[in-house]
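Text of the file input-v2.txt, holding compact mmCIF, C-alpha atoms:
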```txt
# COMPACT_ATOMS: atom_id res chain seq x y z
CA MET A 1452 -44.28 31.26 -15.35
CA THR A 1453 -40.59 31.78 -15.79
CA LEU A 1454 -37.68 30.39 -13.87
CA SER A 1455 -35.96 33.67 -13.12
CA LEU A 1456 -34.88 34.20 -9.56
CA THR A 1457 -37.71 36.24 -8.12
CA PRO A 1458 -36.95 37.84 -4.74
CA LYS A 1459 -38.99 35.13 -3.05
CA ARG A 1460 -37.08 32.31 -4.74
CA LYS A 1461 -33.82 34.05 -4.07
CA GLN A 1462 -34.64 34.25 -0.40
CA LYS A 1463 -35.55 30.59 -0.34
CA LEU A 1464 -32.33 29.66 -2.13
CA TYR A 1465 -30.27 31.62 0.39
CA VAL A 1466 -32.08 30.08 3.34
CA LEU A 1467 -31.46 26.57 2.01
CA LEU A 1468 -27.83 27.19 1.11
CA GLY A 1469 -27.32 28.82 4.50
CA LEU A 1470 -28.82 25.78 6.19
CA VAL A 1471 -26.49 23.45 4.31
CA ALA A 1472 -23.50 25.71 5.04
CA LEU A 1473 -24.29 25.74 8.76
CA ALA A 1474 -24.68 21.98 8.84
CA ALA A 1475 -21.40 21.62 6.97
CA ILE A 1476 -19.63 23.84 9.49
CA ALA A 1477 -21.08 21.82 12.37
CA VAL A 1478 -19.98 18.53 10.82
CA GLY A 1479 -16.60 19.97 9.90
CA LEU A 1480 -15.91 21.17 13.44
CA THR A 1481 -17.03 17.84 14.89
CA LEU A 1482 -14.72 15.92 12.58
CA TYR A 1483 -11.89 18.32 13.36
CA ALA A 1484 -12.39 17.83 17.08
CA LEU A 1485 -12.50 14.06 16.68
CA ARG A 1486 -9.67 13.82 14.18
CA ALA A 1487 -7.45 11.80 16.50
CA ASN A 1488 -10.17 9.20 16.94
CA ILE A 1489 -11.10 9.02 13.29
CA ASN A 1490 -7.60 7.96 12.33
CA LEU A 1491 -7.77 4.21 12.22
CA PHE A 1492 -4.27 3.62 13.55
CA PHE A 1493 -1.21 5.16 15.15
CA SER A 1494 1.88 5.40 13.02
CA PRO A 1495 5.24 4.35 14.54
CA VAL A 1496 6.21 8.03 14.78
CA GLN A 1497 3.18 8.72 16.95
CA ILE A 1498 3.96 5.70 19.12
CA ALA A 1499 7.58 6.83 19.53
CA ALA A 1500 6.30 10.29 20.51
CA GLY A 1501 4.23 8.68 23.25
CA GLU A 1502 0.83 9.47 21.76
CA ALA A 1503 -0.44 5.91 22.01
CA PRO A 1504 -1.65 4.61 25.40
CA PHE A 1505 0.04 1.61 27.02
CA GLU A 1506 -1.72 -1.66 27.89
CA ARG A 1507 -4.85 -0.73 26.02
CA GLN A 1508 -6.27 -1.96 22.75
CA ILE A 1509 -4.77 0.18 20.00
CA ARG A 1510 -4.15 -0.11 16.30
CA ALA A 1511 -0.82 0.63 14.71
CA GLY A 1512 -0.18 0.88 11.00
CA GLY A 1513 2.75 1.10 8.64
CA MET A 1514 4.88 -1.04 6.39
CA VAL A 1515 6.46 -4.36 7.31
CA ARG A 1516 10.18 -3.56 7.20
CA GLU A 1517 12.09 -5.79 4.79
CA GLY A 1518 14.11 -8.53 6.43
CA THR A 1519 12.53 -8.24 9.87
CA VAL A 1520 9.98 -11.06 9.76
CA VAL A 1521 11.00 -13.88 12.11
CA ARG A 1522 8.77 -16.95 12.18
CA ASN A 1523 8.90 -19.67 14.80
CA PRO A 1524 9.00 -22.92 12.80
CA ASP A 1525 7.20 -24.88 15.56
CA SER A 1526 4.23 -22.56 16.06
CA LEU A 1527 2.29 -19.73 14.51
CA ASP A 1528 4.35 -17.17 16.43
CA VAL A 1529 5.76 -14.43 14.28
CA GLU A 1530 7.64 -11.22 14.96
CA PHE A 1531 8.13 -8.32 12.64
CA THR A 1532 8.86 -4.61 12.59
CA VAL A 1533 6.30 -2.07 11.45
CA THR A 1534 7.85 1.09 10.13
CA ASP A 1535 6.89 4.39 8.57
CA TYR A 1536 10.54 4.74 7.53
CA VAL A 1537 11.08 7.23 10.36
CA ASP A 1538 10.41 5.16 13.46
CA ASP A 1539 9.95 1.45 14.03
CA VAL A 1540 7.81 -0.64 16.34
CA ARG A 1541 8.29 -4.35 16.98
CA VAL A 1542 5.19 -6.55 16.78
CA HIS A 1543 4.64 -10.00 18.30
CA TYR A 1544 1.79 -12.02 16.93
CA SER A 1545 0.51 -15.56 17.14
CA GLY A 1546 -2.03 -16.57 14.57
CA ILE A 1547 -2.82 -16.80 10.90
CA LEU A 1548 -1.59 -13.92 8.78
CA PRO A 1549 -3.63 -12.62 5.84
CA ASP A 1550 -2.59 -13.75 2.35
CA LEU A 1551 -1.30 -10.33 1.45
CA PHE A 1552 1.06 -10.17 4.43
CA ARG A 1553 4.66 -9.91 3.30
CA GLU A 1554 7.71 -7.74 3.74
CA GLY A 1555 7.24 -4.27 2.33
CA GLN A 1556 3.45 -4.61 2.62
CA GLY A 1557 1.23 -2.16 4.47
CA VAL A 1558 -0.37 -3.62 7.60
CA VAL A 1559 -2.62 -2.59 10.45
CA VAL A 1560 -2.05 -4.49 13.70
CA VAL A 1561 -4.59 -4.55 16.51
CA GLY A 1562 -3.13 -5.14 19.93
CA GLN A 1563 -1.63 -3.72 23.09
CA LEU A 1564 1.44 -1.54 23.38
CA HIS A 1565 3.73 -2.72 26.17
CA GLN A 1566 6.25 -0.77 28.21
CA GLY A 1567 9.19 -2.04 26.19
CA GLY A 1568 7.72 -0.32 23.15
CA HIS A 1569 6.59 -3.49 21.43
CA ILE A 1570 3.06 -4.48 20.47
CA MET A 1571 1.42 -7.79 21.38
CA ALA A 1572 -0.99 -8.13 18.46
CA ASP A 1573 -4.32 -9.95 18.55
CA GLN A 1574 -5.00 -9.36 14.90
CA VAL A 1575 -2.95 -8.44 11.84
CA LEU A 1576 -4.67 -6.94 8.82
CA ALA A 1577 -3.06 -6.39 5.45
CA ARG A 1578 -3.47 -3.02 3.87
CA HIS A 1579 -3.67 -2.89 0.13
CA ASP A 1580 -2.43 0.14 -1.76
CA GLU A 1581 -4.18 1.66 -4.74
CA ASN A 1582 -1.82 0.13 -7.29
CA TYR A 1583 -3.05 -2.74 -9.40
CA MET A 1584 -1.03 -4.51 -12.07
CA PRO A 1585 -0.66 -7.87 -13.77
CA PRO A 1586 1.94 -10.27 -12.32
CA GLU A 1587 4.16 -10.17 -15.42
CA VAL A 1588 4.50 -6.43 -15.08
CA ALA A 1589 5.31 -6.65 -11.37
CA GLN A 1590 7.85 -9.37 -12.09
CA ALA A 1591 9.55 -7.39 -14.83
CA LEU A 1592 9.72 -4.33 -12.59
CA GLU A 1593 11.25 -6.27 -9.76
CA GLU A 1594 13.86 -7.78 -12.05
CA ALA A 1595 14.68 -4.30 -13.30
CA GLY A 1596 15.32 -3.32 -9.69
CA TYR A 1597 12.44 -0.97 -9.03
CA LYS A 1598 10.91 -0.65 -5.59
CA PRO A 1599 7.15 -1.18 -5.19
CA GLU A 1600 6.69 2.56 -4.66
CA ASP A 1601 8.08 3.30 -8.11
CA PHE A 1602 6.06 0.56 -9.73
CA GLN A 1603 3.32 2.69 -11.14
CA GLN A 1604 5.46 5.16 -13.01
CA LYS A 1605 7.19 2.30 -14.75
CA ALA A 1606 4.30 -0.11 -15.03
CA ALA A 1607 2.81 1.48 -18.12
CA ASP A 1608 6.13 1.38 -19.99
CA VAL A 1609 6.81 -2.21 -19.03
CA ALA A 1610 3.30 -3.29 -19.96
CA LYS A 1611 3.84 -1.74 -23.36
CA ARG A 1612 7.22 -3.45 -23.74
CA LEU A 1613 5.80 -6.84 -22.77
CA GLU A 1614 3.01 -6.33 -25.25
CA ALA A 1615 5.54 -5.59 -27.98
CA GLU A 1616 7.60 -8.65 -27.03
CA LYS A 1617 4.53 -10.84 -27.09
CA ALA A 1618 3.69 -9.53 -30.51
CA ALA A 1619 7.24 -10.21 -31.67
CA GLY A 1620 6.89 -13.77 -30.34
CA ASN A 1621 10.06 -13.78 -28.25
CA ARG A 1622 8.60 -14.12 -24.77
CA ASN A 1623 10.96 -15.91 -22.46
CA GLY A 1624 8.62 -18.57 -21.15
CA ASP A 1625 5.51 -18.43 -19.02
CA GLY A 1626 7.43 -18.84 -15.79
CA ALA A 1627 7.07 -15.17 -14.99
CA THR A 1628 3.32 -15.33 -14.69
CA SER A 1629 2.91 -16.79 -11.26
CA SER A 1630 6.25 -16.51 -9.56
CA SER A 1631 5.49 -13.39 -7.58
CA TYR A 1632 2.95 -15.13 -5.37
CA MET B 1327 -31.56 27.78 -22.28
CA TRP B 1328 -34.29 29.15 -20.07
CA ALA B 1329 -36.88 28.04 -22.59
CA PHE B 1330 -35.50 24.52 -22.44
CA ILE B 1331 -35.47 24.39 -18.65
CA ASN B 1332 -38.91 25.92 -18.64
CA LYS B 1333 -40.17 23.02 -20.68
CA LEU B 1334 -38.88 20.67 -18.01
CA ARG B 1335 -41.62 22.03 -15.80
CA SER B 1336 -44.19 20.35 -17.97
CA PRO B 1337 -44.64 16.69 -17.04
CA LYS B 1338 -46.29 16.12 -20.39
CA TRP B 1339 -43.24 17.36 -22.28
CA PHE B 1340 -40.92 15.32 -20.05
CA TYR B 1341 -43.06 12.25 -20.62
CA ALA B 1342 -42.72 12.65 -24.37
CA ILE B 1343 -39.00 13.41 -24.50
CA SER B 1344 -38.05 10.69 -22.03
CA ALA B 1345 -39.81 8.13 -24.21
CA LYS B 1346 -37.32 8.99 -26.95
CA LEU B 1347 -34.25 9.03 -24.68
CA GLN B 1348 -35.03 5.91 -22.70
CA PRO B 1349 -34.25 3.21 -25.31
CA PHE B 1350 -30.87 4.75 -26.03
CA PHE B 1351 -29.82 4.52 -22.37
CA TRP B 1352 -31.17 0.99 -21.95
CA VAL B 1353 -29.20 -0.22 -24.96
CA ALA B 1354 -26.08 1.60 -23.78
CA ALA B 1355 -26.45 0.14 -20.27
CA ALA B 1356 -26.95 -3.42 -21.48
CA GLY B 1357 -24.12 -3.20 -24.01
CA LEU B 1358 -21.60 -1.56 -21.70
CA ILE B 1359 -22.32 -3.71 -18.65
CA LEU B 1360 -22.19 -6.91 -20.70
CA THR B 1361 -18.92 -5.89 -22.40
CA GLY B 1362 -17.37 -4.69 -19.16
CA THR B 1363 -18.38 -7.82 -17.24
CA VAL B 1364 -17.00 -10.25 -19.79
CA TRP B 1365 -13.84 -8.22 -20.34
CA GLY B 1366 -13.25 -7.58 -16.66
CA LEU B 1367 -14.01 -11.07 -15.39
CA ALA B 1368 -12.55 -13.15 -18.18
CA PHE B 1369 -9.94 -11.17 -20.10
CA ALA B 1370 -8.38 -8.57 -17.82
CA PRO B 1371 -5.15 -9.86 -16.25
CA ALA B 1372 -5.12 -10.93 -12.60
CA ASP B 1373 -3.51 -8.63 -10.06
CA TYR B 1374 0.08 -9.36 -8.95
CA GLN B 1375 -0.87 -9.48 -5.26
CA GLN B 1376 -4.58 -10.15 -5.00
CA GLY B 1377 -4.88 -12.61 -7.86
CA ASN B 1378 -8.42 -12.93 -9.11
CA SER B 1379 -10.17 -11.45 -6.10
CA PHE B 1380 -9.31 -7.98 -7.41
CA ARG B 1381 -12.03 -8.48 -10.04
CA ILE B 1382 -14.59 -7.44 -7.45
CA ILE B 1383 -13.45 -3.92 -8.34
CA TYR B 1384 -15.53 -4.18 -11.53
CA VAL B 1385 -18.69 -4.15 -9.43
CA HIS B 1386 -17.48 -2.40 -6.31
CA VAL B 1387 -16.15 0.82 -7.83
CA PRO B 1388 -19.07 1.49 -10.25
CA ALA B 1389 -21.55 0.80 -7.43
CA ALA B 1390 -19.72 3.16 -5.08
CA PHE B 1391 -19.59 5.85 -7.79
CA LEU B 1392 -23.33 5.56 -8.36
CA ALA B 1393 -24.12 5.50 -4.66
CA GLN B 1394 -22.47 8.90 -4.27
CA SER B 1395 -23.58 10.42 -7.59
CA ILE B 1396 -27.21 9.49 -6.98
CA PHE B 1397 -27.14 11.20 -3.61
CA VAL B 1398 -25.75 14.38 -5.17
CA SER B 1399 -28.40 14.20 -7.91
CA MET B 1400 -31.06 13.80 -5.24
CA ALA B 1401 -29.77 16.86 -3.38
CA VAL B 1402 -29.67 18.98 -6.56
CA ALA B 1403 -33.17 17.83 -7.48
CA GLY B 1404 -34.27 18.68 -3.94
CA LEU B 1405 -32.87 22.21 -4.28
CA VAL B 1406 -34.55 22.69 -7.66
CA TYR B 1407 -37.82 21.46 -6.23
CA MET B 1408 -37.62 23.66 -3.14
CA VAL B 1409 -36.65 26.88 -4.92
CA TRP B 1410 -38.46 26.59 -8.25
CA LYS B 1411 -41.27 24.18 -7.31
CA ILE B 1412 -40.53 21.94 -10.27
CA LYS B 1413 -42.45 18.78 -9.57
CA ILE B 1414 -40.49 16.63 -12.00
CA ALA B 1415 -37.39 17.22 -9.91
CA ASP B 1416 -39.14 15.89 -6.84
CA MET B 1417 -40.51 12.87 -8.69
CA ALA B 1418 -37.07 12.02 -10.05
CA ALA B 1419 -35.51 12.41 -6.60
CA ALA B 1420 -38.09 10.09 -5.10
CA MET B 1421 -37.44 7.50 -7.80
CA MET B 1422 -33.65 7.66 -7.44
CA ALA B 1423 -33.50 6.95 -3.72
CA PRO B 1424 -34.08 3.16 -3.74
CA LEU B 1425 -31.46 2.61 -6.46
CA GLY B 1426 -28.99 4.73 -4.53
CA ALA B 1427 -29.60 2.73 -1.38
CA ALA B 1428 -29.20 -0.50 -3.32
CA MET B 1429 -25.92 0.69 -4.85
CA THR B 1430 -24.61 1.72 -1.43
CA PHE B 1431 -25.44 -1.73 -0.13
CA VAL B 1432 -23.77 -3.39 -3.12
CA SER B 1433 -20.58 -1.41 -2.60
CA LEU B 1434 -20.52 -2.18 1.13
CA PHE B 1435 -21.23 -5.86 0.54
CA SER B 1436 -18.75 -6.32 -2.30
CA GLY B 1437 -16.14 -4.46 -0.25
CA ALA B 1438 -16.72 -6.83 2.66
CA VAL B 1439 -16.38 -9.85 0.39
CA TRP B 1440 -13.11 -8.44 -0.95
CA GLY B 1441 -11.92 -7.47 2.52
CA VAL B 1442 -11.91 -11.01 3.88
CA PRO B 1443 -9.14 -12.37 1.62
CA THR B 1444 -7.31 -9.06 1.20
CA TRP B 1445 -7.33 -7.39 4.60
CA GLY B 1446 -8.20 -10.35 6.76
CA THR B 1447 -11.44 -8.79 7.99
CA TRP B 1448 -14.78 -7.96 6.43
CA TRP B 1449 -15.39 -4.82 8.42
CA MET B 1450 -13.31 -2.17 10.15
CA TRP B 1451 -14.58 1.09 11.59
CA ASP B 1452 -12.34 3.21 9.46
CA ALA B 1453 -13.43 6.57 8.04
CA ARG B 1454 -14.24 5.34 4.53
CA LEU B 1455 -16.30 2.33 5.56
CA THR B 1456 -18.11 4.20 8.31
CA SER B 1457 -18.99 7.22 6.14
CA MET B 1458 -20.30 4.82 3.50
CA LEU B 1459 -22.49 3.12 6.11
CA ILE B 1460 -23.79 6.57 7.12
CA LEU B 1461 -24.66 7.15 3.45
CA LEU B 1462 -26.77 3.98 3.51
CA PHE B 1463 -28.60 5.23 6.60
CA LEU B 1464 -29.13 8.64 4.94
CA TYR B 1465 -30.71 6.91 1.96
CA LEU B 1466 -32.95 4.86 4.21
CA GLY B 1467 -33.79 8.06 6.12
CA VAL B 1468 -34.79 9.86 2.91
CA ILE B 1469 -36.96 6.93 1.84
CA ALA B 1470 -38.56 6.59 5.28
CA LEU B 1471 -39.17 10.34 5.54
CA ARG B 1472 -41.12 10.30 2.30
CA GLY B 1473 -43.32 7.57 3.63
CA ALA B 1474 -43.82 9.22 7.01
CA PHE B 1475 -46.02 12.14 5.90
CA THR B 1476 -49.61 12.00 4.75
CA SER B 1477 -49.22 15.22 2.78
CA ARG B 1478 -47.07 14.73 -0.28
CA ASP B 1479 -45.83 18.33 -0.15
CA SER B 1480 -44.49 17.99 3.39
CA ALA B 1481 -42.93 14.64 2.54
CA SER B 1482 -41.19 16.08 -0.51
CA ARG B 1483 -39.91 19.09 1.40
CA ALA B 1484 -38.60 17.01 4.29
CA ALA B 1485 -36.89 14.53 1.97
CA SER B 1486 -35.36 17.37 -0.07
CA VAL B 1487 -33.91 19.07 2.99
CA LEU B 1488 -32.48 15.81 4.33
CA ALA B 1489 -30.90 15.07 0.94
CA MET B 1490 -29.39 18.57 0.78
CA VAL B 1491 -27.98 18.43 4.28
CA GLY B 1492 -26.88 14.82 3.83
CA VAL B 1493 -24.82 15.74 0.79
CA ILE B 1494 -22.18 17.02 3.24
CA ASN B 1495 -21.31 13.37 3.73
CA ILE B 1496 -20.24 12.99 0.10
CA PRO B 1497 -16.95 14.96 0.26
CA ILE B 1498 -16.26 13.20 3.56
CA ILE B 1499 -16.57 9.82 1.84
CA LYS B 1500 -14.47 10.94 -1.10
CA TYR B 1501 -11.63 12.48 0.91
CA SER B 1502 -11.75 10.21 3.97
CA VAL B 1503 -8.88 8.14 2.60
CA ASP B 1504 -6.74 11.25 2.15
CA TRP B 1505 -7.63 13.10 5.35
CA TRP B 1506 -7.26 10.24 7.81
CA TYR B 1507 -5.40 6.98 8.23
CA THR B 1508 -7.79 4.32 6.95
CA LEU B 1509 -7.66 0.64 6.15
CA HIS B 1510 -9.23 1.41 2.79
CA GLN B 1511 -6.70 2.39 0.13
CA PRO B 1512 -6.85 5.71 -1.79
CA ALA B 1513 -8.72 5.83 -5.08
CA THR B 1514 -7.42 3.57 -7.82
CA PHE B 1515 -9.81 4.66 -10.52
CA THR B 1516 -9.97 8.30 -11.47
CA ILE B 1517 -11.53 9.85 -14.53
CA THR B 1518 -8.52 12.11 -14.95
CA GLY B 1519 -6.47 8.98 -15.39
CA ARG B 1520 -3.67 9.26 -12.86
CA ALA B 1521 -3.40 5.61 -13.71
CA ALA B 1522 -2.83 3.44 -10.66
CA MET B 1523 -3.65 0.50 -12.87
CA PRO B 1524 -2.60 -0.38 -16.40
CA MET B 1525 -4.81 0.17 -19.40
CA GLU B 1526 -5.98 -3.41 -19.78
CA MET B 1527 -7.41 -3.35 -16.25
CA TRP B 1528 -8.62 0.24 -16.40
CA ALA B 1529 -10.53 0.09 -19.69
CA PRO B 1530 -13.11 -2.53 -18.60
CA LEU B 1531 -13.56 -0.63 -15.35
CA LEU B 1532 -14.30 2.57 -17.26
CA ILE B 1533 -16.80 0.65 -19.39
CA MET B 1534 -18.49 -0.72 -16.28
CA VAL B 1535 -18.70 2.75 -14.72
CA LEU B 1536 -20.28 4.18 -17.89
CA GLY B 1537 -22.63 1.19 -18.05
CA PHE B 1538 -23.76 1.69 -14.46
CA TYR B 1539 -24.41 5.39 -15.13
CA SER B 1540 -26.43 4.55 -18.24
CA PHE B 1541 -28.44 2.06 -16.21
CA PHE B 1542 -29.09 4.71 -13.57
CA ILE B 1543 -30.31 7.23 -16.16
CA ALA B 1544 -32.46 4.66 -17.97
CA LEU B 1545 -34.04 3.38 -14.78
CA THR B 1546 -34.67 6.88 -13.44
CA LEU B 1547 -36.32 7.95 -16.70
CA MET B 1548 -38.50 4.85 -16.69
CA ARG B 1549 -39.54 5.16 -13.06
CA THR B 1550 -40.11 8.91 -13.31
CA ARG B 1551 -42.40 8.30 -16.27
CA SER B 1552 -44.59 5.95 -14.30
CA GLU B 1553 -44.50 8.33 -11.34
CA ILE B 1554 -45.71 11.14 -13.62
CA LEU B 1555 -48.65 9.01 -14.74
CA ARG B 1556 -49.42 8.13 -11.14
CA ARG B 1557 -49.31 11.68 -9.82
CA GLU B 1558 -51.00 13.27 -12.81
CA SER B 1559 -53.59 10.55 -13.29
CA ASN B 1560 -56.44 13.03 -13.02
CA LYS B 1561 -54.96 15.41 -15.61
CA ARG B 1562 -56.51 15.75 -19.00
CA TRP B 1563 -53.48 14.66 -21.05
CA VAL B 1564 -52.98 11.49 -19.03
CA ARG B 1565 -56.62 10.53 -19.46
CA ASP B 1566 -56.32 11.19 -23.18
CA LEU B 1567 -53.25 8.99 -23.26
CA ALA B 1568 -55.04 6.21 -21.43
CA GLY B 1569 -57.95 6.60 -23.83
CA GLU B 1570 -55.66 6.24 -26.82
CA MET B 1571 -54.22 3.05 -25.47
CA ARG B 1572 -57.55 1.48 -24.81
```

Please render this file's structure as structure tokens.
Amino acid sequence: MTLSLTPKRKQKLYVLLGLVALAAIAVGLTLYALRANINLFFSPVQIAAGEAPFERQIRAGGMVREGTVVRNPDSLDVEFTVTDYVDDVRVHYSGILPDLFREGQGVVVVGQLHQGGHIMADQVLARHDENYMPPEVAQALEEAGYKPEDFQQKAADVAKRLEAEKAAGNRNGDGATSSSY
Amino acid sequence: MWAFINKLRSPKWFYAISAKLQPFFWVAAAGLILTGTVWGLAFAPADYQQGNSFRIIYVHVPAAFLAQSIFVSMAVAGLVYMVWKIKIADMAAAMMAPLGAAMTFVSLFSGAVWGVPTWGTWWMWDARLTSMLILLFLYLGVIALRGAFTSRDSASRAASVLAMVGVINIPIIKYSVDWWYTLHQPATFTITGRAAMPMEMWAPLLIMVLGFYSFFIALTLMRTRSEILRRESNKRWVRDLAGEMR
């Protein structure tokens, strides 16, 4: 009884691997054919190119452009621009926004695209990116003038610097801890 | 090398060696999970945007890792069983399935709990969440298939083939966030350490991941041992063992 690949085992191995390969090809082709539907949302570029249907429930995703959020002080109505930094789409929404909603934040809006090119949203979801960091680090980065996209490259350095400052005992107050909320 | 793998064929040898390995993995699992939990929940800093709710990552990510790794292990064990007729491989695969299903559920559930405050919804039919749900159904399918046959051989073969074919879903889960637009963000935690989080958040997460893997190995060894005794209960060495204990 050895484990060497006898012709019989070899044949079995090939049959099984062939089976898996065929199944993989079938799944791959299916996913390729359905790729437009698997994407969760349309980006503003796709909407500008006319890929999104009008007057039907769609999802659009991108970043909330800085300085475009307009809130109605008397109601929950809010307007903002979703951008992929190539094209923009204006969104109207009435309702409660998720905690993470803010300018420069990724969002997915569910709603209908109207002829004017704006979206009447029924639901706004915040999208979180893969970057995690403590508030002090985020604060220090912002003060140093870095954009959120550059945060990660700098975060490690700043964390180290803060650590060193803490050790040296010259931290400038605890005010930095919570101010970015 | 061949001699070593050849020994794996012998349930008796596996039973003996796993007895020695098992305590090590149990201790490692308990130590790492305890350390990681306390460190992650109490000492790691809060996230700048999510606050404390980000701490769900310390359960969510290890569970999702295990859910996928266990399925791959099951598929490899299935291949080994089908080609080389090594029974231990089949026993181990059978014992892994429930833990894998549980881990898939934990990652889906913890993700939903995190999704409510972060995204504003607990579920969205995006590629990552949907492929993970399919993984849960694949696990349940493998478990059900094993129970559906009266002949153990047929059950093992059917479950092995389903595991091997189902493994196609694993790269889809992993790359779904890169291939398509999804609500779920790309991977934060990578072994290669393209750090998307600072060290003091990453270290406890690494400890938790290692702890979960140790737990998986320890539990699989333990369950495979009892499965060996169950399946080989009419063999001479098992009877001798039972006699010794009496």

Counting only C-alpha atoms, what are the residues of stretch 1424-1501 of chain B within 10 Å of stretch 1507-1515 of chain B, and for each of them which pair of atoms is the nearest and at what distance in Å, to one decimal? Sort the table by chain and rising number, as JSON lines.
```
{"residue": "B:Gly1437", "atom": "CA", "partner": "B:His1510", "partner_atom": "CA", "distance": 9.6}
{"residue": "B:Gly1441", "atom": "CA", "partner": "B:His1510", "partner_atom": "CA", "distance": 9.3}
{"residue": "B:Trp1445", "atom": "CA", "partner": "B:Leu1509", "partner_atom": "CA", "distance": 8.2}
{"residue": "B:Trp1449", "atom": "CA", "partner": "B:Leu1509", "partner_atom": "CA", "distance": 9.7}
{"residue": "B:Met1450", "atom": "CA", "partner": "B:Leu1509", "partner_atom": "CA", "distance": 7.5}
{"residue": "B:Trp1451", "atom": "CA", "partner": "B:Leu1509", "partner_atom": "CA", "distance": 8.8}
{"residue": "B:Asp1452", "atom": "CA", "partner": "B:Thr1508", "partner_atom": "CA", "distance": 5.3}
{"residue": "B:Ala1453", "atom": "CA", "partner": "B:Thr1508", "partner_atom": "CA", "distance": 6.2}
{"residue": "B:Arg1454", "atom": "CA", "partner": "B:His1510", "partner_atom": "CA", "distance": 6.6}
{"residue": "B:Leu1455", "atom": "CA", "partner": "B:His1510", "partner_atom": "CA", "distance": 7.6}
{"residue": "B:Lys1500", "atom": "CA", "partner": "B:Ala1513", "partner_atom": "CA", "distance": 8.7}
{"residue": "B:Tyr1501", "atom": "CA", "partner": "B:Pro1512", "partner_atom": "CA", "distance": 8.7}
```

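One finds atom CA of B:Trp1352 at 26.5 Å from atom CA of B:Leu1466.
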
Item to check | Selected residue, from B:Ala1428, B:Ala1529, B:Val1439, B:Leu1488, that lies nearest to chain A when counting only C-alpha atoms | outcome: B:Leu1488

Find the residues of chain B that sit at most 9 Å from chain A; for each, write down the nearest two atoms and how far apart they are in Å, to one decimal. Count all atoms listed in the file. Sort by chain, then by number going up, and give it as a tab-separated table.
```
residue	atom	partner	partner_atom	distance
B:Trp1328	CA	A:Leu1454	CA	7.2
B:Ala1329	CA	A:Thr1453	CA	8.6
B:Ile1331	CA	A:Leu1454	CA	8.0
B:Asn1332	CA	A:Leu1454	CA	6.7
B:Ala1370	CA	A:Pro1585	CA	8.7
B:Pro1371	CA	A:Pro1585	CA	5.5
B:Ala1372	CA	A:Pro1585	CA	5.5
B:Asp1373	CA	A:Pro1585	CA	4.7
B:Tyr1374	CA	A:Pro1586	CA	4.0
B:Gln1375	CA	A:Leu1551	CA	6.8
B:Gln1376	CA	A:Leu1551	CA	7.2
B:Gly1377	CA	A:Pro1586	CA	8.5
B:Phe1380	CA	A:Tyr1583	CA	8.4
B:Leu1405	CA	A:Leu1464	CA	7.8
B:Met1408	CA	A:Lys1463	CA	7.8
B:Val1409	CA	A:Arg1460	CA	5.4
B:Trp1410	CA	A:Leu1454	CA	6.8
B:Val1442	CA	A:Pro1549	CA	8.7
B:Pro1443	CA	A:Asp1550	CA	6.7
B:Thr1444	CA	A:Leu1551	CA	6.1
B:Trp1445	CA	A:Ala1577	CA	4.5
B:Gly1446	CA	A:Pro1549	CA	5.2
B:Thr1447	CA	A:Leu1576	CA	7.1
B:Met1450	CA	A:Leu1491	CA	8.7
B:Trp1451	CA	A:Leu1491	CA	7.5
B:Asp1452	CA	A:Leu1491	CA	5.4
B:Ala1453	CA	A:Ile1489	CA	6.2
B:Val1487	CA	A:Leu1467	CA	8.0
B:Met1490	CA	A:Val1471	CA	6.7
B:Val1491	CA	A:Val1471	CA	5.2
B:Gly1492	CA	A:Val1471	CA	8.7
B:Val1493	CA	A:Val1471	CA	8.6
B:Ile1494	CA	A:Ala1475	CA	6.0
B:Asn1495	CA	A:Ala1475	CA	8.9
B:Trp1505	CA	A:Asn1490	CA	8.7
B:Trp1506	CA	A:Asn1490	CA	5.1
B:Tyr1507	CA	A:Asn1490	CA	4.8
B:Thr1508	CA	A:Leu1491	CA	5.3
B:Leu1509	CA	A:Arg1578	CA	6.0
B:His1510	CA	A:Arg1578	CA	7.3
B:Gln1511	CA	A:Asp1580	CA	5.2
B:Pro1512	CA	A:Glu1581	CA	5.7
B:Ala1513	CA	A:Glu1581	CA	6.2
B:Thr1514	CA	A:Glu1581	CA	4.9
B:Phe1515	CA	A:Glu1581	CA	8.6
B:Ala1521	CA	A:Gln1603	CA	7.8
B:Ala1522	CA	A:Asn1582	CA	4.8
B:Met1523	CA	A:Tyr1583	CA	4.8
B:Pro1524	CA	A:Ala1607	CA	6.0
B:Met1525	CA	A:Ala1607	CA	7.8
B:Met1527	CA	A:Met1584	CA	7.7
```

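Counting all atoms listed in the file and comparing B:Leu1464, B:Ile1396, B:Ala1481, B:Leu1536, the residue that lies closest to B:Tyr1384 is B:Leu1536.
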
Next on the checklist: Could you tell me how far atom CA of B:Leu1425 sits from atom CA of B:Leu1547, in Å to one decimal place?
Outcome noted: 12.5 Å

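Picture a line from atom CA of B:Val1364 to atom CA of B:Phe1351; it runs 19.7 Å.
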
Checklist entry - Which residues, written as JSON, numbers by chain, have at least one atom at most 10 Å from B:Phe1369, with only C-alpha atoms counted and residues fewer than 4 positions away on the same chain left out? => result {"B": [1362, 1363, 1364, 1365, 1526, 1527, 1530]}

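Proximity of A:Val1515, A:Val1520, A:Leu1480, A:Val1537 to A:Gln1556, computed with all atoms listed in the file, is greatest for A:Val1515.
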
Item to check | Exercise: B:Phe1463 partners within 9 Å, all atoms listed in the file, chain neighbours under 5 positions left out, as a list of chain:residue names | outcome: B:Ala1427, B:Met1458, B:Val1468

Could the residues in this selection be saved with C-alpha atoms as a compact mmCIF listing (two decimals), in the coordinates of the input?
```
# COMPACT_ATOMS: atom_id res chain seq x y z
CA ALA B 1427 -29.60 2.73 -1.38
CA MET B 1458 -20.30 4.82 3.50
CA VAL B 1468 -34.79 9.86 2.91
```
